[in-house]
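Reviewing the structure listed below.
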Amino acid sequence: MTAETIAQAGYQVDVFDAKPTAARKFLMAGKSGLNLTMNRPTEDIIAAYWDGRDALASAIRGFDAQAVMGWAENLGQSLFTGPTGRVFPKAMKASPLLRAWLARLSGLGVNLHTRWRWRDGIGGDMVFDTPQGGQTRRAPAVIFALGGASWPDLGSDGNWANIFASAGLPITPFAPSNMGLICDWSVHMQRHFGAPLKSIGLSAGDLHTRGEAVLTKTGLEGGGIYMLSPALRSGADLIVDLLPDLSLGDVQNRLARPRAKQSQSNFLRKVLGLDAVKQALLMECAKRAMHTPADLAQSIKALRVPYTAVQGLPRAISSAGGLPFAALDANLGLRDHPGVFCAGEMLDWDAPTGGYLLTACFATGVMAGKAAVDYLNG
Ligand SMILES: Cc1cc2nc3c(=O)[nH]c(=O)nc-3n(C[C@H](O)[C@H](O)[C@H](O)COP(=O)(O)OP(=O)(O)OC[C@H]3O[C@@H](n4cnc5c(N)ncnc54)[C@H](O)[C@@H]3O)c2cc1C
């Protein structure tokens, strides 16, 4: 996005990427449909960021959800907005958009150098490891967009943070975000691996959401869990409401109906509509807390689901941490390095899934690009 902005202003741009092909994480994001942005008012979007909200605000106002949609449509992508406002290409993948984007960049004269790993020099002499050995390049303006630290095999391995730290720049340690939970399930859970817990309420610390989670061999995944990332990362209890449409009183009243000779599982299914997966989680987590109907109702409405840890960076969708905004001026320029700018997930912000991640990357990319053009224009 930065390259596009600068090249459109008439400057020559060279992009250097450590990997053999460009935008591997963008392509991976396409595997789940490529949620490009959120079709909501700009201020609501800004308010959804967990961290870095104030610093991101002007970038997102400058390139908001409507701008993201217009940009993607201009690259030939028909889009649709899902029921919760999430925007996707109708193709539900990233490759057609990426192909059109790379063709546009090539048409603008942008040179893409793959297998060039930057390893030293913040502005001035920039040192790269390349298939032809070590190479040095200089440019009048430099933009870093080296990514966060999740899914390191896709290219963004976070190693840049060590180079920045050696140069005296502050770094907030990386932490997994939008990650699953690791749970120590008993054998009884095995037959439910892969099954969704639909339409549940989830809370951790001050965060509350409604959504879905999927039971997996190792624990729990899914949008409902990701929405609680900051609280779960700091060890808050996960509390699940298995029936968020019913009050505790409703559940108690229904449990008071005559059970006759029905098995408990049939009874729970009939009077409460609790499916087999929800019942399995209830039995797994509330064994000792179900002696009376009142205990049972309480467990159904506020089930504490124990977890041993959160998933680590290798499989988290995004990472928190990175370069703090304090090291940057309002235009994403490094304070102590004139002509050097930073953009994307390498900056220290954090957001839920829902298109917020790419939106912040696009917006900061455009902002850093415009700032670099202003700098080059003197
Ligand atoms: C499975 C998955 C699904 C996702 N789905 C969505 C989604 O639907 N919607 C959404 O908004 N977000 C999604 N994301 C997050 C989104 O993809 C990222 O936030 C976004 O790609 C970050 O963009 P970036 O340009 O900052 O960094 P990256 O896309 O990580 O790009 C950084 C680039 O820098 C290169 N690089 C790193 N170090 C060096 C170096 N030393 N020298 C040279 N090159 C280097 C890397 O090779 C890489 O190409 C998803 C992420 C994952 C992992």
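Ordering of the structure tokens sets the chain letters (A, B, ...); residue numbers start at 1 within each chain; ligands are numbered from 1 in the order shown.
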Practice task
Write out as a ChimeraX atom specification each polymer residue whose atoms come within 9 Å of stretch 146-160 of chain A, counting only C-alpha atoms; drop sequence neighbours fewer than 3 positions from it.
Solution key: /A:17-19,23-25,28,118-120,163-165,174-177,312-322,342-348
Exercise for the section: Once DSSP has gone over the backbone, tell me which residues of stretch 44-161 of chain A are in strand (DSSP E), as a ChimeraX atom specification. Expected result: /A:79-81,86-89,111-114,117-120,126-130,133-137,142-144
Practice task
Would you list the contacts of stretch 367-371 of chain A as an MDAnalysis selection string, taking every protein, DNA or RNA residue within 6 Å and counting only C-alpha atoms, but skipping same-chain residues closer than 5 positions in sequence?
Solution key: chainID A and resid 2 5:6 59 331:332 341
Prev. selection, N, CA and C atoms, output as a PDB file, in the first residue's frame:
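Wrote it out as out_11.pdb, contents follow:
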```
ATOM      1  N   THR A   2       1.972   1.163   0.764  1.00  0.00           N
ATOM      2  CA  THR A   2       2.937   2.265   0.794  1.00  0.00           C
ATOM      3  C   THR A   2       3.591   2.429  -0.575  1.00  0.00           C
ATOM      4  N   THR A   5       1.232   4.078  -2.958  1.00  0.00           N
ATOM      5  CA  THR A   5       1.047   5.510  -2.674  1.00  0.00           C
ATOM      6  C   THR A   5       2.244   6.325  -3.195  1.00  0.00           C
ATOM      7  N   ILE A   6       3.437   5.820  -2.957  1.00  0.00           N
ATOM      8  CA  ILE A   6       4.642   6.578  -3.339  1.00  0.00           C
ATOM      9  C   ILE A   6       4.839   6.541  -4.860  1.00  0.00           C
ATOM     10  N   ALA A  59      -4.786   7.840  10.881  1.00  0.00           N
ATOM     11  CA  ALA A  59      -4.500   6.993   9.702  1.00  0.00           C
ATOM     12  C   ALA A  59      -5.804   6.395   9.172  1.00  0.00           C
ATOM     13  N   ASN A 331       3.193  11.238  11.809  1.00  0.00           N
ATOM     14  CA  ASN A 331       3.091  10.724  10.432  1.00  0.00           C
ATOM     15  C   ASN A 331       3.825   9.404  10.252  1.00  0.00           C
ATOM     16  N   LEU A 332       4.041   8.703  11.370  1.00  0.00           N
ATOM     17  CA  LEU A 332       4.678   7.387  11.356  1.00  0.00           C
ATOM     18  C   LEU A 332       6.156   7.437  10.954  1.00  0.00           C
ATOM     19  N   PHE A 341      10.169   5.604   7.837  1.00  0.00           N
ATOM     20  CA  PHE A 341       8.769   5.483   8.284  1.00  0.00           C
ATOM     21  C   PHE A 341       8.450   4.010   8.534  1.00  0.00           C
TER      22      PHE A 341
END
```
Exercise for the section: Looking only at helix (DSSP H, G or I) from DSSP on the backbone, list the matching residues of stretch 156-266 of chain A as a ChimeraX atom specification. Expected result: /A:160-166,187-192,223-226,229-233,248-255,264-266
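Restricting the calculation to only C-alpha atoms and all ligand atoms, the smallest distance between ligand 1 and any of A:Asn111, A:Ser199, A:Ser265, A:Asn178 is found for A:Asn178.
Using only C-alpha atoms, the smallest distance between any of A:Leu98, A:Val127, A:Ala231, A:Leu274 and A:Ala22 comes from A:Leu98.
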Exercise for the section: Report the distance between atom 43 (C, counted along the ligand's line) of ligand 1 and atom CA of A:His113 in Å, rounded to one decimal place. Expected result: 9.4 Å
Practice task
Kindly indicate which residue among A:Asn266, A:Ser229, A:Ser299, A:Thr84 lies nearest to A:Trp50, using only C-alpha atoms for the distances.
Solution key: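 Smallest separation from A:Trp50 among the options: A:Ser229.
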Exercise for the section: Would you kindly return, as a count of residues only, each protein, DNA or RNA residue with an atom no farther than 7 Å from any atom of A:Leu79, considering only C-alpha atoms and excluding same-chain residues fewer than 2 positions away? Expected result: 6
Can you pull out every residue within 10 Å of stretch 184-188 of chain A, counting only C-alpha atoms, but drop anything in the same chain fewer than 4 positions away, and send it as a compact mmCIF listing (two decimals) with N, CA and C atoms, in the first residue's frame?
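Written file, around_19.txt:
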```txt
# COMPACT_ATOMS: atom_id res chain seq x y z
N HIS A 192 -16.19 -34.96 20.10
CA HIS A 192 -16.73 -33.64 19.73
C HIS A 192 -15.67 -32.74 19.08
N LEU A 215 -14.54 -26.72 19.40
CA LEU A 215 -13.76 -27.63 20.25
C LEU A 215 -12.71 -28.30 19.38
N THR A 216 -11.46 -28.24 19.79
CA THR A 216 -10.42 -28.91 19.01
C THR A 216 -9.67 -29.87 19.92
N LYS A 217 -8.82 -30.66 19.27
CA LYS A 217 -8.02 -31.65 20.00
C LYS A 217 -7.22 -30.96 21.12
N THR A 218 -6.75 -29.76 20.82
CA THR A 218 -5.88 -29.09 21.79
C THR A 218 -6.62 -28.10 22.68
N GLY A 219 -7.84 -27.73 22.33
CA GLY A 219 -8.53 -26.76 23.18
C GLY A 219 -9.72 -26.11 22.51
N ALA A 280 -21.66 -31.75 26.42
CA ALA A 280 -20.34 -32.35 26.70
C ALA A 280 -19.47 -31.35 27.46
N LEU A 281 -19.50 -30.09 27.03
CA LEU A 281 -18.69 -29.07 27.71
C LEU A 281 -19.19 -28.87 29.15
N MET A 283 -20.72 -31.10 31.08
CA MET A 283 -20.31 -32.26 31.91
C MET A 283 -18.82 -32.19 32.21
N GLU A 284 -18.05 -31.79 31.20
CA GLU A 284 -16.60 -31.75 31.36
C GLU A 284 -16.18 -30.74 32.42
N CYS A 285 -16.83 -29.58 32.40
CA CYS A 285 -16.33 -28.46 33.22
C CYS A 285 -17.10 -28.28 34.52
N PRO A 306 -11.85 -24.25 32.19
CA PRO A 306 -10.42 -24.11 32.51
C PRO A 306 -9.55 -24.27 31.26
N TYR A 307 -8.49 -23.50 31.19
CA TYR A 307 -7.50 -23.67 30.10
C TYR A 307 -6.12 -23.59 30.71
N THR A 308 -5.18 -24.27 30.05
CA THR A 308 -3.83 -24.31 30.65
C THR A 308 -2.96 -23.17 30.12
N ALA A 309 -3.24 -22.71 28.90
CA ALA A 309 -2.42 -21.63 28.31
C ALA A 309 -3.14 -21.10 27.08
```
Practice task
Name all residues at most 10 Å from A:Asn39 (count only C-alpha atoms; drop same-chain ones fewer than 5 positions away) and give them as JSON, numbers by chain.
Solution key: {"A": [44, 45, 64, 65, 66, 68, 69, 80, 81, 82, 84, 85, 86, 87, 354, 355]}
Practice task
Find the distance between atom 45 (C, counted along the ligand's line) of ligand 1 and atom CA of A:Leu357 and write it in Å to one decimal.
Solution key: 18.3 Å
Handout entry: From A:Gly52, A:Gly30, A:Gly76, A:Gly339, residue lying nearest ligand 1 [only C-alpha atoms and all ligand atoms]
Key =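 Checking each of A:Gly52, A:Gly30, A:Gly76, A:Gly339 against ligand 1, counting only C-alpha atoms and all ligand atoms, the winner is A:Gly30.
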Handout entry: atom 27 (O, counted along the ligand's line) of ligand 1 to atom CA of A:Arg40, distance in Å rounded to a single decimal
Key =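 So the two atoms, atom 27 (O, counted along the ligand's line) of ligand 1 and atom CA of A:Arg40, lie 23.6 Å apart.
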Exercise for the section: Choose the residue, out of A:Leu75, A:Met179, A:Ala47, A:Ala294, that has the smallest atom-to-atom separation from ligand 1; count only C-alpha atoms and all ligand atoms. Expected result: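 Under the stated criterion, the closest residue is A:Met179.
The smallest atom-to-atom distance between A:Tyr11 and any of A:Ile46, A:Ala213, A:Ala139, A:Leu272, using only C-alpha atoms, is found for A:Ala139.
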Exercise: stretch 204-209 of chain A partners within 10 Å, only C-alpha atoms, chain neighbours under 5 positions left out, as a compact mmCIF listing (two decimals) with N, CA and C atoms, in the first residue's frame:
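The resulting out18.txt:
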```
# COMPACT_ATOMS: atom_id res chain seq x y z
N GLY A 223 -13.90 -17.30 16.62
CA GLY A 223 -14.11 -15.87 16.79
C GLY A 223 -14.47 -15.46 18.21
N GLY A 224 -15.31 -16.25 18.88
CA GLY A 224 -15.73 -15.89 20.23
C GLY A 224 -14.55 -15.85 21.19
N ILE A 225 -13.62 -16.77 21.01
CA ILE A 225 -12.42 -16.82 21.87
C ILE A 225 -11.49 -15.66 21.50
N TYR A 226 -11.30 -15.44 20.19
CA TYR A 226 -10.34 -14.40 19.75
C TYR A 226 -10.73 -13.04 20.32
N MET A 227 -12.06 -12.79 20.39
CA MET A 227 -12.54 -11.49 20.86
C MET A 227 -12.12 -11.18 22.30
N LEU A 228 -11.70 -12.22 23.02
CA LEU A 228 -11.33 -12.02 24.43
C LEU A 228 -9.82 -12.02 24.62
N SER A 229 -9.07 -11.95 23.51
CA SER A 229 -7.61 -12.16 23.57
C SER A 229 -6.89 -11.40 24.68
N PRO A 230 -7.07 -10.06 24.81
CA PRO A 230 -6.26 -9.36 25.81
C PRO A 230 -6.48 -9.91 27.21
N ALA A 231 -7.74 -10.25 27.54
CA ALA A 231 -8.03 -10.73 28.90
C ALA A 231 -7.49 -12.16 29.08
N LEU A 232 -7.68 -13.01 28.08
CA LEU A 232 -7.22 -14.39 28.21
C LEU A 232 -5.70 -14.45 28.29
N ARG A 233 -5.05 -13.57 27.51
CA ARG A 233 -3.58 -13.50 27.53
C ARG A 233 -3.08 -13.18 28.93
N SER A 234 -3.87 -12.41 29.67
CA SER A 234 -3.39 -12.10 31.03
C SER A 234 -3.98 -13.06 32.06
N GLY A 235 -4.54 -14.17 31.60
CA GLY A 235 -4.90 -15.26 32.52
C GLY A 235 -6.29 -15.16 33.13
N ALA A 236 -7.16 -14.26 32.62
CA ALA A 236 -8.51 -14.14 33.19
C ALA A 236 -9.28 -15.45 32.97
N ASP A 237 -10.21 -15.74 33.89
CA ASP A 237 -11.06 -16.94 33.73
C ASP A 237 -11.92 -16.81 32.48
N LEU A 238 -12.14 -17.91 31.78
CA LEU A 238 -13.09 -17.92 30.67
C LEU A 238 -14.43 -18.42 31.19
N ILE A 239 -15.46 -17.60 31.06
CA ILE A 239 -16.80 -17.96 31.53
C ILE A 239 -17.71 -18.04 30.31
N VAL A 240 -18.37 -19.18 30.14
CA VAL A 240 -19.23 -19.38 28.98
C VAL A 240 -20.69 -19.44 29.41
N ARG A 304 -17.39 -22.01 34.02
CA ARG A 304 -15.96 -21.68 33.96
C ARG A 304 -15.26 -22.79 33.19
```
